[in-house]
file data-v1.csv (CSV, C-alpha atoms)
chain,number,residue,atom,x,y,z
J,18,MET,CA,0.0,0.0,0.0
J,19,ASP,CA,1.5,3.3,-1.1
J,20,ASP,CA,1.7,6.5,0.8
J,21,THR,CA,-1.2,8.1,-1.2
J,22,THR,CA,-3.6,5.4,-0.3
J,23,VAL,CA,-2.8,5.6,3.4
J,24,ALA,CA,-3.4,9.3,3.4
J,25,ARG,CA,-6.7,8.9,1.7
J,26,ILE,CA,-7.9,6.3,4.3
J,27,ALA,CA,-6.8,8.6,7.2
J,28,ALA,CA,-8.7,11.5,5.7
J,29,LEU,CA,-11.9,9.4,5.4
J,30,GLU,CA,-11.6,8.2,9.0
J,31,ARG,CA,-11.3,11.8,10.2
J,32,ARG,CA,-14.3,12.8,8.2
J,33,GLN,CA,-16.3,9.9,9.6
J,34,ARG,CA,-15.4,10.8,13.2
J,35,LEU,CA,-16.5,14.5,12.5
J,36,LEU,CA,-19.8,13.4,11.1
J,37,LEU,CA,-20.5,11.1,14.1
J,38,THR,CA,-19.6,14.0,16.5
J,39,THR,CA,-21.9,16.4,14.6
J,40,ASN,CA,-24.8,13.9,14.7
J,41,ALA,CA,-24.4,13.3,18.4
J,42,LEU,CA,-24.4,17.0,19.1
J,43,GLY,CA,-27.6,17.4,17.0
J,44,LEU,CA,-29.3,14.7,18.9
J,45,CYS,CA,-28.4,16.3,22.2
J,46,ALA,CA,-29.7,19.6,21.1
J,47,LEU,CA,-33.0,18.0,20.1
J,48,ALA,CA,-33.3,16.3,23.4
J,49,VAL,CA,-32.7,19.5,25.3
J,50,SER,CA,-35.2,21.3,23.2
J,51,ALA,CA,-37.9,18.7,23.8
J,52,ILE,CA,-37.3,19.0,27.6
J,53,LEU,CA,-37.4,22.8,27.6
J,54,GLN,CA,-40.2,23.3,25.1
J,55,PRO,CA,-43.1,22.8,27.5
J,56,GLY,CA,-41.6,25.3,29.9
J,57,LEU,CA,-41.0,27.8,27.2
J,58,ALA,CA,-44.6,27.4,25.9
J,59,VAL,CA,-46.0,28.0,29.4
J,60,ARG,CA,-43.8,31.1,29.9
J,61,ALA,CA,-44.8,32.4,26.5
J,62,GLN,CA,-48.5,31.9,27.4
J,63,GLU,CA,-48.1,33.6,30.7
J,64,LYS,CA,-46.5,36.5,29.0
J,65,ALA,CA,-49.3,36.8,26.5
J,66,ASP,CA,-51.9,36.7,29.2
J,67,THR,CA,-50.5,39.8,30.9
J,68,LYS,CA,-51.0,41.9,27.8
J,69,SER,CA,-54.0,44.2,27.4
J,70,LEU,CA,-56.2,44.2,24.3
J,71,THR,CA,-57.9,47.4,23.3
J,72,LEU,CA,-61.0,47.1,21.1
J,73,SER,CA,-64.2,49.0,20.4
J,74,GLU,CA,-66.2,45.8,20.0
J,75,LEU,CA,-65.8,42.1,20.5
J,76,ALA,CA,-68.3,39.6,19.0
J,77,ILE,CA,-68.4,35.9,20.1
J,78,VAL,CA,-70.0,33.6,17.6
J,79,ASP,CA,-71.3,30.0,17.9
J,80,SER,CA,-70.6,27.1,15.6
J,81,ASN,CA,-73.0,28.5,13.0
J,82,GLY,CA,-71.3,31.8,12.9
J,83,ARG,CA,-74.2,33.6,14.7
J,84,VAL,CA,-73.3,36.3,17.2
J,85,ARG,CA,-74.1,35.1,20.7
J,86,ILE,CA,-72.2,37.6,22.9
J,87,ARG,CA,-71.4,41.2,22.0
J,88,LEU,CA,-69.0,43.3,24.2
J,89,GLY,CA,-68.8,46.9,23.0
J,90,GLY,CA,-68.1,50.5,24.0
J,91,ASN,CA,-71.0,51.7,21.8
J,92,LEU,CA,-73.6,49.0,21.4
J,93,PRO,CA,-76.1,49.0,18.5
J,94,ASP,CA,-79.9,49.4,19.1
J,95,ALA,CA,-81.8,46.2,20.1
J,96,VAL,CA,-83.7,44.3,17.4
J,97,ILE,CA,-86.7,42.5,19.0
J,98,ASN,CA,-89.3,40.6,17.0
J,99,GLY,CA,-87.8,42.0,13.8
J,100,ILE,CA,-88.2,45.7,14.9
J,101,THR,CA,-85.3,48.0,15.9
J,102,LYS,CA,-85.8,49.3,19.4
J,103,PRO,CA,-83.8,52.5,20.1
J,104,ARG,CA,-82.1,52.4,23.5
J,105,GLY,CA,-82.7,56.1,23.9
J,106,GLN,CA,-79.1,56.7,25.1
J,107,ARG,CA,-75.6,55.6,24.3
J,108,ALA,CA,-75.0,52.2,25.8
J,109,ALA,CA,-71.8,50.3,26.6
J,110,GLY,CA,-71.4,46.8,28.1
J,111,ILE,CA,-72.3,43.3,27.2
J,112,VAL,CA,-75.3,41.9,25.3
J,113,LEU,CA,-76.4,38.2,25.1
J,114,TYR,CA,-78.2,36.7,22.1
J,115,ASP,CA,-80.1,33.4,21.7
J,116,GLY,CA,-79.7,30.9,18.9
J,117,THR,CA,-82.0,32.9,16.6
J,118,GLY,CA,-80.0,36.0,16.9
J,119,VAL,CA,-82.5,37.9,19.2
J,120,GLU,CA,-81.2,40.0,22.1
J,121,ARG,CA,-82.1,38.3,25.4
J,122,SER,CA,-80.1,40.1,28.0
J,123,GLY,CA,-77.8,43.0,28.6
J,124,TYR,CA,-75.6,44.4,31.3
J,125,VAL,CA,-74.9,48.0,30.3
J,126,THR,CA,-74.1,51.6,31.3
J,127,PHE,CA,-76.0,54.5,29.8
J,128,GLU,CA,-74.9,58.0,28.9
J,129,PRO,CA,-75.6,60.7,29.6
J,130,SER,CA,-77.8,59.5,32.5
J,131,GLY,CA,-75.0,57.4,34.0
J,132,ASN,CA,-77.4,54.7,34.9
J,133,VAL,CA,-76.4,51.0,34.9
J,134,ALA,CA,-78.9,48.3,34.1
J,135,LEU,CA,-79.3,44.5,33.9
J,136,THR,CA,-82.1,43.5,31.6
J,137,LEU,CA,-83.8,40.2,30.7
J,138,ASP,CA,-85.9,39.8,27.6
J,139,THR,CA,-88.1,37.3,25.9
J,140,ARG,CA,-87.9,37.2,22.1
J,141,LYS,CA,-90.7,39.8,21.9
J,142,SER,CA,-90.2,42.2,24.8
J,143,GLN,CA,-88.3,43.1,27.9
J,144,VAL,CA,-89.6,41.4,31.1
J,145,ALA,CA,-87.1,42.3,33.8
J,146,THR,CA,-84.9,45.3,34.6
J,147,PHE,CA,-82.6,46.1,37.5
J,148,ILE,CA,-81.4,49.7,37.5
J,149,ALA,CA,-79.1,51.8,39.6
J,150,GLY,CA,-78.4,55.5,39.3
J,151,PRO,CA,-75.0,57.1,39.2
J,152,ASP,CA,-74.9,58.2,42.8
J,153,GLY,CA,-76.3,57.4,46.2
J,154,SER,CA,-79.1,59.9,45.9
J,155,GLY,CA,-80.3,58.5,42.6
J,156,THR,CA,-82.8,55.8,41.6
J,157,SER,CA,-82.5,52.1,42.2
J,158,ALA,CA,-85.3,49.9,41.0
J,159,LEU,CA,-86.3,46.3,40.2
J,160,GLN,CA,-89.1,45.9,37.6
J,161,LEU,CA,-90.8,42.7,36.4
J,162,PHE,CA,-93.2,42.9,33.4
J,163,SER,CA,-95.7,40.6,31.8
J,164,GLY,CA,-98.1,42.0,29.3
J,165,GLY,CA,-100.1,44.7,31.0
J,166,SER,CA,-99.0,43.6,34.5
J,167,ALA,CA,-95.9,44.7,36.4
J,168,VAL,CA,-94.3,44.6,39.8
J,169,GLU,CA,-91.8,47.3,40.9
J,170,LEU,CA,-89.6,47.8,43.9
J,171,ARG,CA,-88.2,51.4,43.8
J,172,ASN,CA,-86.1,53.7,45.9
J,173,ASP,CA,-85.7,57.3,44.6
J,174,GLU,CA,-85.9,60.9,45.6
J,175,ASP,CA,-89.6,60.4,46.4
J,176,GLY,CA,-88.8,57.6,48.8
J,177,PRO,CA,-89.1,53.8,48.8
J,178,SER,CA,-92.2,52.1,47.3
J,179,ILE,CA,-93.6,48.7,46.2
J,180,HIS,CA,-95.9,49.0,43.3
J,181,ALA,CA,-98.1,46.5,41.4
J,182,VAL,CA,-100.1,46.9,38.2
J,183,ARG,CA,-102.6,44.3,36.8
J,184,ARG,CA,-104.0,44.8,33.3
J,185,LYS,CA,-102.6,48.4,33.4
J,186,GLN,CA,-104.5,49.2,36.5
J,187,VAL,CA,-102.9,50.0,39.9
J,188,VAL,CA,-103.8,47.3,42.4
J,189,PHE,CA,-101.2,47.9,45.1
J,190,HIS,CA,-98.9,50.8,46.2
J,191,GLU,CA,-97.2,51.1,49.5
J,192,PRO,CA,-96.4,53.2,51.4
J,193,PRO,CA,-98.9,56.0,50.5
J,194,VAL,CA,-97.3,58.9,48.7
J,195,GLU,CA,-97.0,62.1,50.8
J,196,ASN,CA,-97.6,65.4,49.0
J,197,PRO,CA,-98.0,63.9,45.5
J,198,GLN,CA,-97.8,67.3,43.9
J,199,GLN,CA,-94.3,67.8,45.2
J,200,THR,CA,-92.8,64.6,44.0
J,201,ALA,CA,-90.2,64.6,41.2
J,202,LEU,CA,-92.5,62.3,39.2
J,203,CYS,CA,-95.4,64.8,39.4
J,204,LYS,CA,-93.2,67.7,38.3
J,205,ALA,CA,-91.9,65.7,35.3
J,206,LEU,CA,-95.5,64.8,34.3
J,207,GLN,CA,-96.6,68.4,34.6
J,208,GLU,CA,-93.8,69.5,32.3
J,209,ALA,CA,-94.9,66.8,29.7
J,210,LYS,CA,-98.5,68.0,29.6
J,211,LYS,CA,-97.9,70.0,26.4
J,212,GLN,CA,-96.4,67.1,24.6
J,213,VAL,CA,-98.7,64.1,25.4
J,214,SER,CA,-102.4,63.5,26.2
J,215,MET,CA,-103.8,63.2,29.7
J,216,ALA,CA,-104.5,59.5,29.1
J,217,GLN,CA,-100.9,58.9,28.3
J,218,LEU,CA,-99.8,60.9,31.3
J,219,LEU,CA,-102.0,58.8,33.6
J,220,ASP,CA,-100.8,55.6,32.1
J,221,ALA,CA,-97.2,56.6,32.7
J,222,CYS,CA,-98.0,57.8,36.2
J,223,ARG,CA,-99.7,54.5,37.1
J,224,GLU,CA,-96.6,52.6,36.2
J,225,ARG,CA,-94.8,54.5,39.0
J,226,THR,CA,-97.2,55.4,41.7
J,227,SER,CA,-100.7,55.0,43.2
J,228,GLU,CA,-104.0,56.0,41.5
J,229,ALA,CA,-104.6,58.5,44.3
J,230,ALA,CA,-101.3,60.1,43.8
J,231,CYS,CA,-101.8,60.3,40.0
J,232,GLN,CA,-105.2,61.9,40.4
J,233,ALA,CA,-103.8,64.4,42.9
J,234,CYS,CA,-101.0,65.3,40.6
J,235,LEU,CA,-102.8,65.4,37.2
J,236,VAL,CA,-106.5,65.8,37.8
J,237,LYS,CA,-107.3,67.7,41.0
call {"tool": "encode", "arguments": {"input": "data-v1.csv", "output": "structure tokens"}}
result
Amino acid sequence: MDDTTVARIAALERRQRLLLTTNALGLCALAVSAILQPGLAVRAQEKADTKSLTLSELAIVDSNGRVRIRLGGNLPDAVINGITKPRGQRAAGIVLYDGTGVERSGYVTFEPSGNVALTLDTRKSQVATFIAGPDGSGTSALQLFSGGSAVELRNDEDGPSIHAVRRKQVVFHEPPVENPQQTALCKALQEAKKQVSMAQLLDACRERTSEAACQACLVK
């Protein structure tokens, strides 16, 4: 065997040892990565969870692509029984929809009044409302509706009251209203006399107070 052949064999042996060393290092790196990867993923997730997300609206959809939850800083008007129902004020908060896309509940704040309300709806109308005013001297009320009947627990500037209406007629109101003409409700109704009829004023009054108080305010 000549010197050239010996040199070639030695070079091949060195190359083989280098390849074996490289492969071993590669396997070690893969093993270390497999061990550390779960920990890295957890830390990455923890880091992502601490970030804030700024949106004007977030819509959650079901498997059919229908919006079931809407979280927004400027919520759209409600659509009940195919008819758009204006909210009357700007509303921000969360709204729930059923599988048909109809609004069924909301937990929102209103502006400019500053009121906060929790509402429950059927597919045709609102049936329950829990309201709080913006400060301690404001209104807090729980209202339950069903057709022309309603029950209301209220505490406002005119004092606390429990009020029941059956077929749009007052059947219960306690405690009796003192000085009905001086209440905030009566003053508001008096101001509205030029815009609406007496029948409408009485209907609105009966939803809030007793028949005697309504008559004292609007008729006598």
call {"tool": "atom_distance", "arguments": {"input": "data-v1.csv", "atom1": "atom CA of J:Val194", "atom2": "atom CA of J:Thr226"}}
result
7.8 Å
call {"tool": "atom_distance", "arguments": {"input": "data-v1.csv", "atom1": "atom CA of J:Val119", "atom2": "atom CA of J:Val168"}}
result
24.7 Å
call {"tool": "residues_around", "arguments": {"input": "data-v1.csv", "residues": "J:Glu224", "least_positions_apart": "2", "cutoff": "10 Å", "atoms": "only C-alpha atoms", "output": "ChimeraX atom specification"}}
result
/J:166-169,180-182,185-187,219-222,226-228
call {"tool": "residues_around", "arguments": {"input": "data-v1.csv", "residues": "J:Gly155", "least_positions_apart": "2", "cutoff": "9 Å", "atoms": "all atoms listed in the file", "output": "mmCIF file with C-alpha atoms, keeping the file's coordinate frame"}}
result
data_model
loop_
_atom_site.group_PDB
_atom_site.id
_atom_site.type_symbol
_atom_site.label_atom_id
_atom_site.label_comp_id
_atom_site.auth_asym_id
_atom_site.auth_seq_id
_atom_site.Cartn_x
_atom_site.Cartn_y
_atom_site.Cartn_z
ATOM 1 C CA ALA J 149 -79.100 51.800 39.600
ATOM 2 C CA GLY J 150 -78.400 55.500 39.300
ATOM 3 C CA PRO J 151 -75.000 57.100 39.200
ATOM 4 C CA ASP J 152 -74.900 58.200 42.800
ATOM 5 C CA GLY J 153 -76.300 57.400 46.200
ATOM 6 C CA SER J 157 -82.500 52.100 42.200
ATOM 7 C CA ASN J 172 -86.100 53.700 45.900
ATOM 8 C CA ASP J 173 -85.700 57.300 44.600
ATOM 9 C CA GLU J 174 -85.900 60.900 45.600
#
call {"tool": "atom_distance", "arguments": {"input": "data-v1.csv", "atom1": "atom CA of J:Arg184", "atom2": "atom CA of J:Ala216"}}
result
15.3 Å
call {"tool": "residues_around", "arguments": {"input": "data-v1.csv", "residues": "J:Lys204", "least_positions_apart": "6", "cutoff": "10 Å", "atoms": "all atoms listed in the file", "output": "number ranges by chain"}}
result
J: 197-198, 234-235
call {"tool": "closest_residue", "arguments": {"input": "data-v1.csv", "among": "J:Arg87, J:Val133, J:Gly165, J:Ala229", "to": "J:Phe189", "atoms": "all atoms listed in the file"}}
result
J:Ala229
call {"tool": "closest_residue", "arguments": {"input": "data-v1.csv", "among": "J:Leu88, J:Cys203, J:Ala76, J:Leu70", "to": "J:Ala230", "atoms": "all atoms listed in the file"}}
result
J:Cys203
call {"tool": "residues_around", "arguments": {"input": "data-v1.csv", "residues": "J:Leu135", "least_positions_apart": "4", "cutoff": "6 Å", "atoms": "all atoms listed in the file", "output": "PyMOL selection string"}}
result
chain J and resi 123-124+146-147
call {"tool": "build_atoms", "arguments": {"input": "data-v1.csv", "residues": "stretch 106-140 of chain J", "atoms": "N, CA and C atoms", "output": "PDB file, keeping the file's coordinate frame"}}
result
ATOM      1  N   GLN J 106     -80.359  56.112  24.725  1.00  0.00           N
ATOM      2  CA  GLN J 106     -79.100  56.700  25.100  1.00  0.00           C
ATOM      3  C   GLN J 106     -77.958  55.852  24.578  1.00  0.00           C
ATOM      4  N   ARG J 107     -76.759  56.403  24.645  1.00  0.00           N
ATOM      5  CA  ARG J 107     -75.600  55.600  24.300  1.00  0.00           C
ATOM      6  C   ARG J 107     -75.392  54.518  25.326  1.00  0.00           C
ATOM      7  N   ALA J 108     -75.121  53.315  24.875  1.00  0.00           N
ATOM      8  CA  ALA J 108     -75.000  52.200  25.800  1.00  0.00           C
ATOM      9  C   ALA J 108     -73.652  51.473  25.552  1.00  0.00           C
ATOM     10  N   ALA J 109     -73.027  51.064  26.651  1.00  0.00           N
ATOM     11  CA  ALA J 109     -71.800  50.300  26.600  1.00  0.00           C
ATOM     12  C   ALA J 109     -71.872  49.155  27.576  1.00  0.00           C
ATOM     13  N   GLY J 110     -71.361  47.991  27.173  1.00  0.00           N
ATOM     14  CA  GLY J 110     -71.400  46.800  28.100  1.00  0.00           C
ATOM     15  C   GLY J 110     -71.449  45.546  27.300  1.00  0.00           C
ATOM     16  N   ILE J 111     -72.232  44.577  27.798  1.00  0.00           N
ATOM     17  CA  ILE J 111     -72.300  43.300  27.200  1.00  0.00           C
ATOM     18  C   ILE J 111     -73.753  42.891  26.916  1.00  0.00           C
ATOM     19  N   VAL J 112     -73.989  42.284  25.744  1.00  0.00           N
ATOM     20  CA  VAL J 112     -75.300  41.900  25.300  1.00  0.00           C
ATOM     21  C   VAL J 112     -75.276  40.384  24.957  1.00  0.00           C
ATOM     22  N   LEU J 113     -76.290  39.625  25.380  1.00  0.00           N
ATOM     23  CA  LEU J 113     -76.400  38.200  25.100  1.00  0.00           C
ATOM     24  C   LEU J 113     -77.502  37.984  24.033  1.00  0.00           C
ATOM     25  N   TYR J 114     -77.259  37.072  23.084  1.00  0.00           N
ATOM     26  CA  TYR J 114     -78.200  36.700  22.100  1.00  0.00           C
ATOM     27  C   TYR J 114     -78.525  35.234  22.097  1.00  0.00           C
ATOM     28  N   ASP J 115     -79.759  34.854  21.729  1.00  0.00           N
ATOM     29  CA  ASP J 115     -80.100  33.400  21.700  1.00  0.00           C
ATOM     30  C   ASP J 115     -79.702  32.838  20.335  1.00  0.00           C
ATOM     31  N   GLY J 116     -80.060  31.559  20.122  1.00  0.00           N
ATOM     32  CA  GLY J 116     -79.700  30.900  18.900  1.00  0.00           C
ATOM     33  C   GLY J 116     -80.321  31.420  17.642  1.00  0.00           C
ATOM     34  N   THR J 117     -81.371  32.254  17.795  1.00  0.00           N
ATOM     35  CA  THR J 117     -82.000  32.900  16.600  1.00  0.00           C
ATOM     36  C   THR J 117     -81.468  34.239  16.320  1.00  0.00           C
ATOM     37  N   GLY J 118     -80.543  34.724  17.155  1.00  0.00           N
ATOM     38  CA  GLY J 118     -80.000  36.000  16.900  1.00  0.00           C
ATOM     39  C   GLY J 118     -80.695  37.169  17.631  1.00  0.00           C
ATOM     40  N   VAL J 119     -81.687  36.847  18.469  1.00  0.00           N
ATOM     41  CA  VAL J 119     -82.500  37.900  19.200  1.00  0.00           C
ATOM     42  C   VAL J 119     -81.799  38.226  20.492  1.00  0.00           C
ATOM     43  N   GLU J 120     -81.754  39.508  20.795  1.00  0.00           N
ATOM     44  CA  GLU J 120     -81.200  40.000  22.100  1.00  0.00           C
ATOM     45  C   GLU J 120     -82.046  39.476  23.227  1.00  0.00           C
ATOM     46  N   ARG J 121     -81.392  38.844  24.234  1.00  0.00           N
ATOM     47  CA  ARG J 121     -82.100  38.300  25.400  1.00  0.00           C
ATOM     48  C   ARG J 121     -81.724  38.870  26.711  1.00  0.00           C
ATOM     49  N   SER J 122     -80.574  39.517  26.777  1.00  0.00           N
ATOM     50  CA  SER J 122     -80.100  40.100  28.000  1.00  0.00           C
ATOM     51  C   SER J 122     -79.026  41.097  27.801  1.00  0.00           C
ATOM     52  N   GLY J 123     -78.907  42.047  28.719  1.00  0.00           N
ATOM     53  CA  GLY J 123     -77.800  43.000  28.600  1.00  0.00           C
ATOM     54  C   GLY J 123     -77.405  43.505  29.992  1.00  0.00           C
ATOM     55  N   TYR J 124     -76.140  43.837  30.098  1.00  0.00           N
ATOM     56  CA  TYR J 124     -75.600  44.400  31.300  1.00  0.00           C
ATOM     57  C   TYR J 124     -74.810  45.645  30.863  1.00  0.00           C
ATOM     58  N   VAL J 125     -75.415  46.832  30.956  1.00  0.00           N
ATOM     59  CA  VAL J 125     -74.900  48.000  30.300  1.00  0.00           C
ATOM     60  C   VAL J 125     -74.904  49.247  31.157  1.00  0.00           C
ATOM     61  N   THR J 126     -74.073  50.212  30.780  1.00  0.00           N
ATOM     62  CA  THR J 126     -74.100  51.600  31.300  1.00  0.00           C
ATOM     63  C   THR J 126     -74.673  52.489  30.258  1.00  0.00           C
ATOM     64  N   PHE J 127     -75.411  53.513  30.691  1.00  0.00           N
ATOM     65  CA  PHE J 127     -76.000  54.500  29.800  1.00  0.00           C
ATOM     66  C   PHE J 127     -75.430  55.849  29.966  1.00  0.00           C
ATOM     67  N   GLU J 128     -75.295  56.566  28.861  1.00  0.00           N
ATOM     68  CA  GLU J 128     -74.900  58.000  28.900  1.00  0.00           C
ATOM     69  C   GLU J 128     -75.833  58.772  28.043  1.00  0.00           C
ATOM     70  N   PRO J 129     -76.220  59.970  28.501  1.00  0.00           N
ATOM     71  CA  PRO J 129     -75.600  60.700  29.600  1.00  0.00           C
ATOM     72  C   PRO J 129     -76.139  60.514  30.981  1.00  0.00           C
ATOM     73  N   SER J 130     -77.141  59.655  31.165  1.00  0.00           N
ATOM     74  CA  SER J 130     -77.800  59.500  32.500  1.00  0.00           C
ATOM     75  C   SER J 130     -76.800  58.934  33.520  1.00  0.00           C
ATOM     76  N   GLY J 131     -75.865  58.079  33.089  1.00  0.00           N
ATOM     77  CA  GLY J 131     -75.000  57.400  34.000  1.00  0.00           C
ATOM     78  C   GLY J 131     -75.573  56.225  34.711  1.00  0.00           C
ATOM     79  N   ASN J 132     -76.793  55.822  34.316  1.00  0.00           N
ATOM     80  CA  ASN J 132     -77.400  54.700  34.900  1.00  0.00           C
ATOM     81  C   ASN J 132     -76.745  53.365  34.454  1.00  0.00           C
ATOM     82  N   VAL J 133     -76.819  52.343  35.298  1.00  0.00           N
ATOM     83  CA  VAL J 133     -76.400  51.000  34.900  1.00  0.00           C
ATOM     84  C   VAL J 133     -77.579  50.089  35.055  1.00  0.00           C
ATOM     85  N   ALA J 134     -77.735  49.142  34.112  1.00  0.00           N
ATOM     86  CA  ALA J 134     -78.900  48.300  34.100  1.00  0.00           C
ATOM     87  C   ALA J 134     -78.593  46.875  33.698  1.00  0.00           C
ATOM     88  N   LEU J 135     -79.282  45.944  34.329  1.00  0.00           N
ATOM     89  CA  LEU J 135     -79.300  44.500  33.900  1.00  0.00           C
ATOM     90  C   LEU J 135     -80.673  44.218  33.434  1.00  0.00           C
ATOM     91  N   THR J 136     -80.786  43.744  32.193  1.00  0.00           N
ATOM     92  CA  THR J 136     -82.100  43.500  31.600  1.00  0.00           C
ATOM     93  C   THR J 136     -82.224  42.045  31.153  1.00  0.00           C
ATOM     94  N   LEU J 137     -83.465  41.527  31.197  1.00  0.00           N
ATOM     95  CA  LEU J 137     -83.800  40.200  30.700  1.00  0.00           C
ATOM     96  C   LEU J 137     -84.967  40.330  29.740  1.00  0.00           C
ATOM     97  N   ASP J 138     -84.881  39.656  28.598  1.00  0.00           N
ATOM     98  CA  ASP J 138     -85.900  39.800  27.600  1.00  0.00           C
ATOM     99  C   ASP J 138     -86.396  38.434  27.080  1.00  0.00           C
ATOM    100  N   THR J 139     -87.669  38.404  26.663  1.00  0.00           N
ATOM    101  CA  THR J 139     -88.100  37.300  25.900  1.00  0.00           C
ATOM    102  C   THR J 139     -87.763  37.622  24.410  1.00  0.00           C
ATOM    103  N   ARG J 140     -88.213  36.835  23.471  1.00  0.00           N
ATOM    104  CA  ARG J 140     -87.900  37.200  22.100  1.00  0.00           C
ATOM    105  C   ARG J 140     -88.806  38.272  21.536  1.00  0.00           C
TER     106      ARG J 140
END
